[in-house]
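Here's the structure we're looking at; comments come further down.
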Amino acid sequence: MTTELRVLDPTEWDRWYGVLELAFGGVPEAPEERQLWRDLTEFDRSLGVWDGDLCVGTAGAFTFRLTVPGGASVPAGGVTMVSVAGTHRRRGILTSMMRRQLDDLRAAGESIAVLTASEPEIYGRFGYGVATYAARATIDTTRVRLSVPEGTDGVALRQAGLTESSAACEAVYARVVPTRPGMLARQPEWERLPLIDPPGDRAGSSPRLCVLAERAGEVVGFTHYAIKPEWASTGADGAVVVHQLMGLDAVAEAALWRFLCSVDLTREVQIHSRPVDDAWQHLVSDVRRCAPTLRDVLHLRLVEVSAALEARTYQAPVDVVFEVEDAFCPWNEGRWRLTGDAKGATCVRTSDPADLELSVRELGAAYLGGTSLVSLAAAGRVRELREGALVEASVAFGSPVAPWLPHGF
Ligand SMILES: CC(=O)SCCNC(=O)CCNC(=O)[C@H](O)C(C)(C)COP(=O)(O)OP(=O)(O)OC[C@H]1O[C@@H](n2cnc3c(N)ncnc32)[C@H](O)[C@@H]1OP(=O)(O)O
């Protein structure tokens, strides 16, 4: 089999995207969703693999800015739309696209690549580590009580149209982005994403609804949610499905949670993807009854170890030498001295003895402060060569706020 890997021509998009749709099961996306992804496609960053005139592989990249610990917004390539035709799988086509893509990202000066994986097992071999997790939970609102902080009653809530309130919600979103590692600054047109609500995806629930939280006439928070009405022989048995909730402070968020937990004719609030340190866990009277579970979300790879480690800050002083393994991007291999604190960092090549030995995948997992180096060492994935270096680096890499990505791409 001879295949050709080349940059996508815009006229080929429908065939190219069709391969992706088929690889994901072949159920056509709603027209408005398909149109959004077409509009968001960066053609010069999209790769197609062709077997004659047959498209058999797809991979794209978005030009993102990612919040990192310390609050900086760092250029990152958002790997997306990856698929290989079922007729051509397990012959190295994905590997060839990952190779080309990481070389391209490096040439473009992006020191970080991120993706959300259809299956977590796929991308570790290419140096990606799991950098953020999200919590899922179901709050049984017939049993669980909420205690809200003082001042919550000072927040006014207002039902608003999803589209009409978009600008106000985006303004809140923009203020939250720098406060949490893992979030992506909105690029043009991405504000359309939260408004995509095809009836076929609702699984019996209402269209997306919006409630704004306001104080002194200013919008300080919002929630996007839906109601799934259900009736049992014993009465109303509906659910509230939370799509998004953001507030500029604790009371704005608490007011929104209190609203969601008290919608008439419902018995539960379904939470699909929230930060692992989210406040709702501390507002509820019985977290066990909410059955929280974790799920991997953002997989992150350091494309250039030194530039990436210098782009974030460290919550405690750190001075360690890493011995980095990186078979897929060998320019990262070898020994690097990271010196940094809360103000900034340098990361340079060194011939000094190594303090910690790990692969680039572990550095990617720890990069946003959501996975500790100590926990990776406990799994044998980081080796400590100088006593004390593991705790020093692990504390420094941490983040007071858990990293989180609120949407897929
Ligand atoms: C960011 C995103 O877009 S995530 C979306 C990813 N896409 C999908 O899940 C759609 C359905 N799946 C597919 O299209 C394909 O199976 C892909 C893209 C996952 C893999 O493509 P392939 O061309 O078959 O991968 P390739 O042949 O390069 O495999 C490389 C290695 O990964 C392994 N691998 C590939 N896919 C998987 C998988 N789903 N699970 C576990 N291992 C896998 C292969 O076994 C191979 O291992 P080896 O090097 O030890 O032999």
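Naming works like this for the structure tokens: A, B, ... for the chains as they're shown, residue 1 at the start of each chain, ligands 1 onward in shown order.
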
Using only C-alpha atoms, which residues of range 260-363 of chain A come within 9 Å of range 105-110 of chain A, and what is the closest atom pair for each, with the distance in Å to one decimal? Give it as CSV, sorted by chain and residue number.
residue,atom,partner,partner_atom,distance
A:Val303,CA,A:Arg106,CA,6.3
A:Glu304,CA,A:Arg106,CA,7.2
A:Ala307,CA,A:Glu110,CA,8.9
A:Ala308,CA,A:Glu110,CA,8.7

Create the file for the chosen residues now, containing C-alpha atoms and written as a compact mmCIF listing (two decimals), in the first residue's frame.
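Once everything was written out, this is selection_16.txt:
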# COMPACT_ATOMS: atom_id res chain seq x y z
CA VAL A 303 6.69 19.63 22.10
CA GLU A 304 9.71 21.61 23.30
CA ALA A 307 10.20 26.37 26.19
CA ALA A 308 7.19 24.69 27.76

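All residues, whether protein, DNA or RNA, that have an atom at most 7 Å from ligand 1 (counting only C-alpha atoms and all ligand atoms) are Leu20, Ala23, Phe24, Val79, Thr80, Met81, Val82, Ser83, Val84, Ala85, Gly86, His88, Arg89, Arg90, Arg91, Gly92, Ile93, Leu94, Thr95, Ser96, Leu115, Thr116, Ala117, Ser118, Glu119, Glu121 and Ile122 of chain A.
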
Fill in: range 93-341 of chain A: residues DSSP assigns to helix (DSSP H, G or I), reported as a ChimeraX atom specification
/A:93-107,124-126,152-154,166-179,190-195,199-201,250-260,280-283,288-290,305-311,330-332

Can I get the selection written as a JSON list (two decimals), in the first residue's frame, with C-alpha atoms?
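Listing of result_34.json after writing:
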[["chain", "number", "residue", "atom", "x", "y", "z"],
["A", 93, "ILE", "CA", -1.18, 5.85, 9.29],
["A", 94, "LEU", "CA", -1.92, 7.48, 12.65],
["A", 95, "THR", "CA", 1.75, 7.26, 13.54],
["A", 96, "SER", "CA", 2.70, 9.02, 10.28],
["A", 97, "MET", "CA", 0.22, 11.83, 10.99],
["A", 98, "MET", "CA", 1.42, 12.26, 14.58],
["A", 99, "ARG", "CA", 5.01, 12.45, 13.31],
["A", 100, "ARG", "CA", 4.22, 15.14, 10.74],
["A", 101, "GLN", "CA", 2.00, 17.06, 13.13],
["A", 102, "LEU", "CA", 4.53, 17.29, 15.96],
["A", 103, "ASP", "CA", 7.20, 18.40, 13.48],
["A", 104, "ASP", "CA", 4.80, 21.08, 12.19],
["A", 105, "LEU", "CA", 3.90, 22.25, 15.70],
["A", 106, "ARG", "CA", 7.57, 22.56, 16.54],
["A", 107, "ALA", "CA", 8.23, 24.56, 13.38],
["A", 124, "GLY", "CA", 0.65, 7.87, 25.42],
["A", 125, "ARG", "CA", 2.96, 6.27, 22.83],
["A", 126, "PHE", "CA", 3.28, 9.69, 21.18],
["A", 152, "THR", "CA", -25.69, 34.37, 48.17],
["A", 153, "ASP", "CA", -29.08, 36.04, 48.63],
["A", 154, "GLY", "CA", -27.58, 39.22, 47.18],
["A", 166, "SER", "CA", -24.20, 34.72, 24.69],
["A", 167, "ALA", "CA", -22.16, 37.94, 24.88],
["A", 168, "ALA", "CA", -22.75, 38.27, 28.63],
["A", 169, "CYS", "CA", -21.81, 34.62, 29.22],
["A", 170, "GLU", "CA", -18.71, 34.96, 27.05],
["A", 171, "ALA", "CA", -17.62, 37.99, 29.10],
["A", 172, "VAL", "CA", -17.79, 35.88, 32.28],
["A", 173, "TYR", "CA", -15.99, 33.04, 30.51],
["A", 174, "ALA", "CA", -13.18, 35.37, 29.42],
["A", 175, "ARG", "CA", -12.65, 36.48, 33.02],
["A", 176, "VAL", "CA", -12.55, 32.90, 34.30],
["A", 177, "VAL", "CA", -10.07, 31.64, 31.66],
["A", 178, "PRO", "CA", -6.88, 33.11, 33.23],
["A", 179, "THR", "CA", -7.85, 31.83, 36.69],
["A", 190, "TRP", "CA", -15.54, 29.44, 19.18],
["A", 191, "GLU", "CA", -18.26, 31.35, 21.04],
["A", 192, "ARG", "CA", -20.66, 29.44, 18.75],
["A", 193, "LEU", "CA", -19.75, 26.14, 20.41],
["A", 194, "PRO", "CA", -21.93, 26.48, 23.56],
["A", 195, "LEU", "CA", -24.91, 27.40, 21.37],
["A", 199, "PRO", "CA", -32.39, 18.09, 18.99],
["A", 200, "GLY", "CA", -30.87, 14.68, 18.14],
["A", 201, "ASP", "CA", -28.31, 15.09, 20.95],
["A", 250, "ALA", "CA", -18.14, 31.98, 45.34],
["A", 251, "VAL", "CA", -21.57, 33.50, 45.92],
["A", 252, "ALA", "CA", -22.37, 33.81, 42.22],
["A", 253, "GLU", "CA", -21.63, 30.10, 41.75],
["A", 254, "ALA", "CA", -23.48, 29.11, 44.92],
["A", 255, "ALA", "CA", -26.58, 31.00, 43.80],
["A", 256, "LEU", "CA", -26.53, 29.09, 40.50],
["A", 257, "TRP", "CA", -26.02, 25.70, 42.19],
["A", 258, "ARG", "CA", -28.86, 26.47, 44.59],
["A", 259, "PHE", "CA", -31.11, 27.30, 41.66],
["A", 260, "LEU", "CA", -30.23, 24.08, 39.79],
["A", 280, "TRP", "CA", -20.47, 22.07, 44.76],
["A", 281, "GLN", "CA", -18.76, 19.21, 46.65],
["A", 282, "HIS", "CA", -18.46, 21.46, 49.70],
["A", 283, "LEU", "CA", -21.94, 22.96, 49.38],
["A", 288, "ARG", "CA", -21.18, 10.27, 48.91],
["A", 289, "ARG", "CA", -24.78, 10.30, 47.76],
["A", 290, "CYS", "CA", -23.68, 12.34, 44.73],
["A", 305, "VAL", "CA", 10.55, 20.69, 26.88],
["A", 306, "SER", "CA", 12.59, 23.77, 27.69],
["A", 307, "ALA", "CA", 10.20, 26.37, 26.19],
["A", 308, "ALA", "CA", 7.19, 24.69, 27.76],
["A", 309, "LEU", "CA", 8.71, 24.45, 31.25],
["A", 310, "GLU", "CA", 9.77, 28.09, 31.03],
["A", 311, "ALA", "CA", 6.28, 29.21, 29.98],
["A", 330, "PRO", "CA", 14.37, 13.00, 20.33],
["A", 331, "TRP", "CA", 15.24, 16.71, 20.46],
["A", 332, "ASN", "CA", 13.78, 16.66, 23.97]]

Item to complete: For Pro69 in chain A, please output as a ChimeraX atom specification all residues within 7 Å (counting only C-alpha atoms; exclusion window: fewer than 5 positions along the same chain).
Response: /A:181,312-313,368,399

Discussion item. When you look at Leu5 in chain A with a cut-off of 7 Å (counting only C-alpha atoms), what residues show up, excluding the ones that are within fewer than 3 positions of it in the same chain? I need them as a count of residues only.
Written reply: 4

Worksheet item: What lies within 10 Å of range 202-204 of chain A using only C-alpha atoms, ignoring chain neighbours under 4 positions off, as a ChimeraX atom specification?
Response: /A:197-198,208,226-230

Fill in: Residue neighbourhood range 261-271 of chain A, 6 Å, only C-alpha atoms, exclusion window fewer than 6 positions, as an MDAnalysis selection string
chainID A and resid 136:142 236:242

Worksheet item: Could you pull out all residues of range 175-347 of chain A with a DSSP call of strand (DSSP E) and give them as an MDAnalysis selection string?
Response: chainID A and resid 209:215 218:228 231:232 235:236 238:247 266:274 293:296 298:302 318:325 334:340 345:347

Export C-alpha atoms of the chosen residues as a compact mmCIF listing (two decimals), in the first residue's frame?
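This is the output file part.txt:
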# COMPACT_ATOMS: atom_id res chain seq x y z
CA LEU A 209 -31.62 26.97 28.86
CA CYS A 210 -29.68 29.82 30.41
CA VAL A 211 -29.87 31.55 33.78
CA LEU A 212 -27.75 34.61 34.46
CA ALA A 213 -26.51 35.60 37.91
CA GLU A 214 -26.41 39.36 38.45
CA ARG A 215 -25.26 41.70 41.18
CA GLU A 218 -23.59 43.27 36.40
CA VAL A 219 -23.61 39.69 35.10
CA VAL A 220 -21.39 37.74 37.51
CA GLY A 221 -22.19 34.20 36.45
CA PHE A 222 -24.29 31.95 34.24
CA THR A 223 -25.44 28.42 33.84
CA HIS A 224 -26.40 26.53 30.70
CA TYR A 225 -28.59 23.57 31.55
CA ALA A 226 -31.49 21.45 30.35
CA ILE A 227 -34.46 19.77 32.00
CA LYS A 228 -35.25 16.13 31.37
CA TRP A 231 -42.89 10.90 35.45
CA ALA A 232 -42.97 7.83 37.68
CA GLY A 235 -44.87 11.50 40.75
CA ALA A 236 -42.39 13.83 39.09
CA GLY A 238 -37.20 14.73 36.30
CA ALA A 239 -33.51 15.63 36.09
CA VAL A 240 -31.53 18.81 35.61
CA VAL A 241 -28.62 18.34 33.21
CA VAL A 242 -25.81 20.85 33.77
CA HIS A 243 -23.98 21.84 30.60
CA GLN A 244 -22.03 24.78 32.02
CA LEU A 245 -21.78 26.87 35.15
CA MET A 246 -19.37 29.71 35.78
CA GLY A 247 -19.21 32.50 38.28
CA THR A 266 -36.91 17.26 39.33
CA ARG A 267 -35.16 14.86 41.71
CA GLU A 268 -31.56 15.09 40.62
CA VAL A 269 -28.87 17.30 39.09
CA GLN A 270 -26.60 15.56 36.59
CA ILE A 271 -23.08 16.95 36.43
CA HIS A 272 -21.03 15.68 33.50
CA SER A 273 -17.73 17.54 33.53
CA ARG A 274 -16.70 19.78 36.40
CA THR A 293 -16.45 9.74 39.44
CA LEU A 294 -13.37 10.89 37.56
CA ARG A 295 -12.65 10.97 33.87
CA ASP A 296 -9.51 11.95 31.94
CA LEU A 298 -7.02 16.94 28.45
CA HIS A 299 -3.97 15.00 27.26
CA LEU A 300 -0.90 17.20 26.99
CA ARG A 301 2.49 16.84 25.31
CA LEU A 302 5.53 19.02 25.68
CA VAL A 318 12.51 24.48 42.40
CA ASP A 319 15.99 23.57 41.17
CA VAL A 320 16.08 20.06 39.71
CA VAL A 321 17.77 18.22 36.87
CA PHE A 322 15.46 16.02 34.80
CA GLU A 323 16.69 13.14 32.68
CA VAL A 324 14.02 13.08 29.98
CA GLU A 325 13.22 10.14 27.69
CA GLY A 334 18.61 14.28 27.76
CA ARG A 335 19.26 16.30 30.86
CA TRP A 336 17.53 19.60 31.64
CA ARG A 337 17.99 21.84 34.67
CA LEU A 338 14.78 23.60 35.70
CA THR A 339 15.20 26.54 38.04
CA GLY A 340 12.12 28.51 38.94
CA ALA A 345 11.71 29.88 35.34
CA THR A 346 14.61 28.84 33.16
CA CYS A 347 15.17 25.39 31.72
